[in-house]
file structure-v7.cif (mmCIF, C-alpha atoms)
data_run
#
loop_
_atom_site.group_PDB
_atom_site.id
_atom_site.type_symbol
_atom_site.label_atom_id
_atom_site.label_comp_id
_atom_site.auth_asym_id
_atom_site.auth_seq_id
_atom_site.Cartn_x
_atom_site.Cartn_y
_atom_site.Cartn_z
ATOM 1 C CA MET A 1 3.301 87.770 -39.701
ATOM 2 C CA GLU A 2 7.067 87.514 -39.226
ATOM 3 C CA SER A 3 8.272 87.334 -35.611
ATOM 4 C CA ASN A 4 10.804 89.774 -34.134
ATOM 5 C CA VAL A 5 13.336 86.989 -33.657
ATOM 6 C CA ILE A 6 13.188 86.050 -37.347
ATOM 7 C CA LYS A 7 13.460 89.713 -38.384
ATOM 8 C CA GLU A 8 16.531 90.133 -36.176
ATOM 9 C CA ALA A 9 18.116 86.860 -37.329
ATOM 10 C CA VAL A 10 17.684 87.901 -40.975
ATOM 11 C CA ARG A 11 19.061 91.387 -40.218
ATOM 12 C CA LEU A 12 22.197 89.892 -38.663
ATOM 13 C CA ASP A 13 22.968 88.193 -41.980
ATOM 14 C CA GLY A 14 24.601 85.268 -40.222
ATOM 15 C CA GLY A 15 24.710 82.869 -43.154
ATOM 16 C CA MET A 16 21.145 81.555 -43.054
ATOM 17 C CA VAL A 17 18.282 82.720 -45.251
ATOM 18 C CA LYS A 18 14.814 83.426 -43.906
ATOM 19 C CA GLU A 19 13.383 80.019 -44.888
ATOM 20 C CA GLU A 20 16.200 78.223 -43.045
ATOM 21 C CA LEU A 21 15.685 80.393 -39.967
ATOM 22 C CA LEU A 22 11.953 79.669 -39.989
ATOM 23 C CA ALA A 23 12.654 75.928 -40.171
ATOM 24 C CA LEU A 24 15.212 76.240 -37.372
ATOM 25 C CA GLN A 25 12.632 78.079 -35.261
ATOM 26 C CA VAL A 26 10.143 75.213 -35.684
ATOM 27 C CA ILE A 27 12.829 72.639 -34.846
ATOM 28 C CA ALA A 28 13.938 74.642 -31.776
ATOM 29 C CA GLY A 29 10.332 74.646 -30.584
ATOM 30 C CA LYS A 30 10.917 70.978 -29.663
ATOM 31 C CA PHE A 31 13.612 71.839 -27.082
ATOM 32 C CA VAL A 32 12.769 70.659 -23.559
ATOM 33 C CA GLU A 33 13.210 72.767 -20.425
ATOM 34 C CA GLY A 34 16.353 71.966 -18.454
ATOM 35 C CA SER A 35 18.269 70.975 -21.574
ATOM 36 C CA THR A 36 21.770 71.805 -22.659
ATOM 37 C CA ILE A 37 22.003 73.270 -26.147
ATOM 38 C CA THR A 38 25.340 73.581 -27.929
ATOM 39 C CA ASN A 39 25.754 75.731 -31.010
ATOM 40 C CA VAL A 40 29.034 75.104 -32.838
ATOM 41 C CA GLY A 41 29.723 77.890 -35.336
ATOM 42 C CA CYS A 42 27.827 80.940 -34.106
ATOM 43 C CA PHE A 43 29.227 83.743 -36.294
ATOM 44 C CA ARG A 44 26.865 86.711 -35.754
ATOM 45 C CA GLY A 45 24.405 84.738 -33.639
ATOM 46 C CA SER A 46 21.385 84.228 -35.915
ATOM 47 C CA SER A 47 20.941 80.604 -34.855
ATOM 48 C CA CYS A 48 21.790 81.494 -31.244
ATOM 49 C CA ILE A 49 18.969 83.997 -30.935
ATOM 50 C CA ILE A 50 16.541 81.482 -32.440
ATOM 51 C CA PHE A 51 17.568 78.986 -29.730
ATOM 52 C CA LEU A 52 17.589 81.547 -26.897
ATOM 53 C CA ASN A 53 14.140 82.770 -27.896
ATOM 54 C CA ALA A 54 12.788 79.202 -28.116
ATOM 55 C CA MET A 55 13.796 78.715 -24.469
ATOM 56 C CA LYS A 56 12.572 82.099 -23.188
ATOM 57 C CA GLY A 57 11.071 81.552 -19.739
ATOM 58 C CA LYS A 58 12.599 78.052 -19.538
ATOM 59 C CA LYS A 59 15.758 76.913 -17.786
ATOM 60 C CA ALA A 60 18.495 75.951 -20.235
ATOM 61 C CA THR A 61 22.259 75.932 -20.600
ATOM 62 C CA PHE A 62 23.744 77.230 -23.842
ATOM 63 C CA ASN A 63 27.271 76.468 -25.031
ATOM 64 C CA LEU A 64 28.105 78.815 -27.889
ATOM 65 C CA ILE A 65 31.325 77.773 -29.626
ATOM 66 C CA ASP A 66 33.000 79.751 -32.404
ATOM 67 C CA CYS A 67 36.487 80.647 -33.584
ATOM 68 C CA PHE A 68 35.427 84.317 -33.364
ATOM 69 C CA ASP A 69 38.547 86.369 -34.084
ATOM 70 C CA ILE A 70 41.212 83.640 -34.021
ATOM 71 C CA PRO A 71 43.478 84.671 -36.920
ATOM 72 C CA GLY A 72 42.992 82.619 -40.095
ATOM 73 C CA ILE A 73 40.415 80.205 -38.676
ATOM 74 C CA SER A 74 37.262 82.095 -39.669
ATOM 75 C CA LEU A 75 38.383 81.873 -43.301
ATOM 76 C CA MET A 76 37.631 78.103 -43.220
ATOM 77 C CA SER A 77 33.948 79.047 -43.243
ATOM 78 C CA CYS A 78 34.361 82.134 -45.413
ATOM 79 C CA GLN A 79 33.255 84.417 -42.599
ATOM 80 C CA SER A 80 34.768 87.684 -41.477
ATOM 81 C CA CYS A 81 36.464 87.929 -38.093
ATOM 82 C CA LEU A 82 34.054 88.796 -35.312
ATOM 83 C CA GLY A 83 35.074 89.351 -31.699
ATOM 84 C CA ILE A 84 33.148 88.136 -28.666
ATOM 85 C CA PRO A 85 32.068 91.670 -27.592
ATOM 86 C CA GLU A 86 30.366 92.275 -30.951
ATOM 87 C CA PHE A 87 28.799 88.789 -30.894
ATOM 88 C CA MET A 88 27.489 89.403 -27.366
ATOM 89 C CA SER A 89 25.923 92.700 -28.440
ATOM 90 C CA TYR A 90 23.804 90.735 -30.936
ATOM 91 C CA ILE A 91 22.618 87.974 -28.603
ATOM 92 C CA GLU A 92 22.406 89.934 -25.304
ATOM 93 C CA PRO A 93 18.780 91.105 -25.785
ATOM 94 C CA TRP A 94 17.662 87.472 -26.225
ATOM 95 C CA ILE A 95 19.246 86.053 -23.070
ATOM 96 C CA ASP A 96 16.787 85.310 -20.261
ATOM 97 C CA ARG A 97 18.886 86.379 -17.237
ATOM 98 C CA VAL A 98 16.749 84.342 -14.838
ATOM 99 C CA ASN A 99 16.656 81.053 -16.726
ATOM 100 C CA HIS A 100 19.580 80.919 -19.149
ATOM 101 C CA LYS A 101 23.147 79.976 -18.407
ATOM 102 C CA VAL A 102 25.272 81.047 -21.389
ATOM 103 C CA ASN A 103 28.834 79.834 -21.934
ATOM 104 C CA VAL A 104 30.681 81.479 -24.823
ATOM 105 C CA ILE A 105 33.679 79.433 -25.933
ATOM 106 C CA ARG A 106 36.305 80.848 -28.306
ATOM 107 C CA ALA A 107 38.045 77.907 -29.949
ATOM 108 C CA ASN A 108 39.243 76.267 -33.102
ATOM 109 C CA THR A 109 37.206 73.057 -32.968
ATOM 110 C CA LEU A 110 40.046 71.185 -34.709
ATOM 111 C CA GLU A 111 42.023 71.718 -31.508
ATOM 112 C CA MET A 112 39.225 70.637 -29.148
ATOM 113 C CA SER A 113 39.211 67.142 -27.686
ATOM 114 C CA GLU A 114 35.538 67.308 -26.717
ATOM 115 C CA PHE A 115 32.377 69.356 -26.842
ATOM 116 C CA PRO A 116 30.302 69.896 -23.693
ATOM 117 C CA GLU A 117 27.766 67.132 -23.038
ATOM 118 C CA SER A 118 24.561 68.274 -24.732
ATOM 119 C CA ASP A 119 20.975 67.280 -25.427
ATOM 120 C CA TYR A 120 20.702 69.381 -28.574
ATOM 121 C CA MET A 121 23.554 70.323 -30.867
ATOM 122 C CA PHE A 122 23.696 72.537 -33.934
ATOM 123 C CA LEU A 123 26.777 72.243 -36.150
ATOM 124 C CA ASP A 124 27.603 75.083 -38.525
ATOM 125 C CA ALA A 125 31.338 75.654 -38.054
ATOM 126 C CA GLY A 126 34.145 74.810 -40.490
ATOM 127 C CA HIS A 127 32.852 73.341 -43.746
ATOM 128 C CA THR A 128 35.956 71.561 -44.968
ATOM 129 C CA LYS A 129 35.993 67.760 -44.863
ATOM 130 C CA GLU A 130 38.530 67.871 -42.022
ATOM 131 C CA CYS A 131 36.458 70.322 -39.970
ATOM 132 C CA ILE A 132 33.061 68.670 -40.382
ATOM 133 C CA THR A 133 34.516 65.190 -39.780
ATOM 134 C CA ASN A 134 36.080 66.362 -36.533
ATOM 135 C CA ASP A 135 32.969 68.265 -35.416
ATOM 136 C CA VAL A 136 30.726 65.253 -36.103
ATOM 137 C CA LYS A 137 33.075 62.988 -34.130
ATOM 138 C CA LEU A 138 33.029 65.379 -31.157
ATOM 139 C CA ALA A 139 29.255 65.874 -31.398
ATOM 140 C CA LYS A 140 28.573 62.133 -31.401
ATOM 141 C CA LYS A 141 30.636 61.761 -28.220
ATOM 142 C CA ALA A 142 29.002 64.748 -26.489
ATOM 143 C CA TRP A 143 25.374 64.049 -27.429
ATOM 144 C CA THR A 144 23.274 62.627 -24.573
ATOM 145 C CA GLY A 145 20.728 61.060 -26.942
ATOM 146 C CA ASN A 146 17.940 62.919 -25.094
ATOM 147 C CA GLY A 147 17.396 65.462 -27.870
ATOM 148 C CA PHE A 148 18.692 65.675 -31.414
ATOM 149 C CA LEU A 149 21.532 66.856 -33.621
ATOM 150 C CA MET A 150 21.136 69.562 -36.266
ATOM 151 C CA PHE A 151 23.420 70.351 -39.191
ATOM 152 C CA HIS A 152 23.461 73.418 -41.426
ATOM 153 C CA ASP A 153 24.556 73.506 -45.077
ATOM 154 C CA TYR A 154 23.400 69.966 -45.818
ATOM 155 C CA ASN A 155 22.823 69.606 -49.587
ATOM 156 C CA GLN A 156 24.563 72.933 -50.122
ATOM 157 C CA PRO A 157 26.522 72.549 -53.405
ATOM 158 C CA SER A 158 29.274 74.922 -52.318
ATOM 159 C CA TRP A 159 29.889 72.803 -49.190
ATOM 160 C CA ALA A 160 29.498 69.275 -50.615
ATOM 161 C CA ASP A 161 31.705 67.713 -47.922
ATOM 162 C CA VAL A 162 29.087 68.567 -45.285
ATOM 163 C CA THR A 163 26.541 66.240 -46.917
ATOM 164 C CA VAL A 164 29.091 63.497 -47.584
ATOM 165 C CA VAL A 165 30.300 63.427 -43.960
ATOM 166 C CA ILE A 166 26.797 63.680 -42.447
ATOM 167 C CA ASP A 167 25.494 60.874 -44.676
ATOM 168 C CA ALA A 168 28.481 58.681 -43.762
ATOM 169 C CA ASN A 169 27.685 59.081 -40.049
ATOM 170 C CA PHE A 170 23.899 59.241 -39.772
ATOM 171 C CA ASP A 171 20.860 57.452 -41.179
ATOM 172 C CA ASN A 172 17.236 58.545 -40.993
ATOM 173 C CA LEU A 173 17.807 62.271 -41.362
ATOM 174 C CA GLU A 174 14.927 64.719 -41.484
ATOM 175 C CA ILE A 175 15.754 67.363 -44.097
ATOM 176 C CA HIS A 176 14.498 70.966 -44.135
ATOM 177 C CA ARG A 177 16.121 72.724 -47.118
ATOM 178 C CA THR A 178 19.771 72.888 -45.995
ATOM 179 C CA LEU A 179 19.082 71.766 -42.433
ATOM 180 C CA ALA A 180 19.480 68.098 -41.517
ATOM 181 C CA VAL A 181 18.162 66.784 -38.206
ATOM 182 C CA TYR A 182 19.134 63.505 -36.605
ATOM 183 C CA TYR A 183 16.835 62.184 -33.883
ATOM 184 C CA GLY A 184 18.638 58.898 -33.338
ATOM 185 C CA ASP A 185 18.049 55.385 -34.551
#

call {"tool": "encode", "arguments": {"input": "structure-v7.cif", "output": "structure tokens"}}
result
Amino acid sequence: MESNVIKEAVRLDGGMVKEELLALQVIAGKFVEGSTITNVGCFRGSSCIIFLNAMKGKKATFNLIDCFDIPGISLMSCQSCLGIPEFMSYIEPWIDRVNHKVNVIRANTLEMSEFPESDYMFLDAGHTKECITNDVKLAKKAWTGNGFLMFHDYNQPSWADVTVVIDANFDNLEIHRTLAVYYGD
């Protein structure tokens, strides 16, 4: 039986198909209480609600980074402009007000000098070689090594640079369809 979080994530049509969302849900089940989770490239929040739901009843900090409605930037990922109020309306029901600290950051990651220090990171922002190279560099600096890194659109033919850049930076990847997970060496 399909869970409510998967039904909602599919309904949001945030760029991930059901099988990817199911794999992401299993991966997110490994998150540890007290962790910091950073999601880079949130769009409509499908991955965000998977992560929020995985930590329901557990203390966690979430950094949700997206270009949202910055003119011209969302086109790098072929997504429509989406403002923070609309994004919040999608993820609000999944936020545990007692245990979750949620930071929503509107930014062009190409202009960021760092990501927040994080135990778990999910990268699904710009898919150009320049964007993914920069995001990987920032993620490597911000990652505590206490969790793992996740990448969407790995082995996706329409975004070939994602795979090339990830492979150039990480060995020993665990692959789930178009999700790549790096646990460390």

call {"tool": "residues_around", "arguments": {"input": "structure-v7.cif", "residues": "A:Leu123", "least_positions_apart": "2", "cutoff": "7 Å", "atoms": "all atoms listed in the file", "output": "list in words"}}
result
Asn39, Val40, Gly41, Met121, Ala125, Met150, Phe151 and His152 of chain A

call {"tool": "axis_aligned_box", "arguments": {"input": "structure-v7.cif", "around": "stretch 28-42 of chain A", "padding_each_side": "4 Å", "output": "lines of an AutoDock Vina configuration file"}}
result
center_x = 20.0
center_y = 75.8
center_z = -26.9
size_x = 27.4
size_y = 18.3
size_z = 24.9

call {"tool": "resolve_selection", "arguments": {"input": "structure-v7.cif", "expression": "the PyMOL selection byres ((chain A and resi 96-105) around 7)", "output": "PyMOL selection string"}}
result
chain A and resi 56-66+94-95+106-107

call {"tool": "atom_distance", "arguments": {"input": "structure-v7.cif", "atom1": "atom CA of A:Asp69", "atom2": "atom CA of A:Gly83"}}
result
5.2 Å

call {"tool": "atom_distance", "arguments": {"input": "structure-v7.cif", "atom1": "atom CA of A:Gly72", "atom2": "atom CA of A:Lys129"}}
result
17.1 Å

call {"tool": "resolve_selection", "arguments": {"input": "structure-v7.cif", "expression": "the PyMOL selection byres ((chain A and resi 165-170) around 10)", "output": "list in words"}}
result
Thr128, Lys129, Glu130, Ile132, Thr133, Asn134, Val136, Lys137, Lys140, Phe151, Tyr154, Ala160, Asp161, Val162, Thr163, Val164, Asp171, Asn172, Leu173, Ala180, Val181, Tyr182, Tyr183, Gly184 and Asp185 of chain A

call {"tool": "write_last_selection", "arguments": {"input": "structure-v7.cif", "atoms": "C-alpha atoms", "output": "PDB file, in the frame of the given file"}}
result
ATOM      1  CA  THR A 128      35.956  71.561 -44.968  1.00  0.00           C
ATOM      2  CA  LYS A 129      35.993  67.760 -44.863  1.00  0.00           C
ATOM      3  CA  GLU A 130      38.530  67.871 -42.022  1.00  0.00           C
ATOM      4  CA  ILE A 132      33.061  68.670 -40.382  1.00  0.00           C
ATOM      5  CA  THR A 133      34.516  65.190 -39.780  1.00  0.00           C
ATOM      6  CA  ASN A 134      36.080  66.362 -36.533  1.00  0.00           C
ATOM      7  CA  VAL A 136      30.726  65.253 -36.103  1.00  0.00           C
ATOM      8  CA  LYS A 137      33.075  62.988 -34.130  1.00  0.00           C
ATOM      9  CA  LYS A 140      28.573  62.133 -31.401  1.00  0.00           C
ATOM     10  CA  PHE A 151      23.420  70.351 -39.191  1.00  0.00           C
ATOM     11  CA  TYR A 154      23.400  69.966 -45.818  1.00  0.00           C
ATOM     12  CA  ALA A 160      29.498  69.275 -50.615  1.00  0.00           C
ATOM     13  CA  ASP A 161      31.705  67.713 -47.922  1.00  0.00           C
ATOM     14  CA  VAL A 162      29.087  68.567 -45.285  1.00  0.00           C
ATOM     15  CA  THR A 163      26.541  66.240 -46.917  1.00  0.00           C
ATOM     16  CA  VAL A 164      29.091  63.497 -47.584  1.00  0.00           C
ATOM     17  CA  ASP A 171      20.860  57.452 -41.179  1.00  0.00           C
ATOM     18  CA  ASN A 172      17.236  58.545 -40.993  1.00  0.00           C
ATOM     19  CA  LEU A 173      17.807  62.271 -41.362  1.00  0.00           C
ATOM     20  CA  ALA A 180      19.480  68.098 -41.517  1.00  0.00           C
ATOM     21  CA  VAL A 181      18.162  66.784 -38.206  1.00  0.00           C
ATOM     22  CA  TYR A 182      19.134  63.505 -36.605  1.00  0.00           C
ATOM     23  CA  TYR A 183      16.835  62.184 -33.883  1.00  0.00           C
ATOM     24  CA  GLY A 184      18.638  58.898 -33.338  1.00  0.00           C
ATOM     25  CA  ASP A 185      18.049  55.385 -34.551  1.00  0.00           C
TER      26      ASP A 185
END
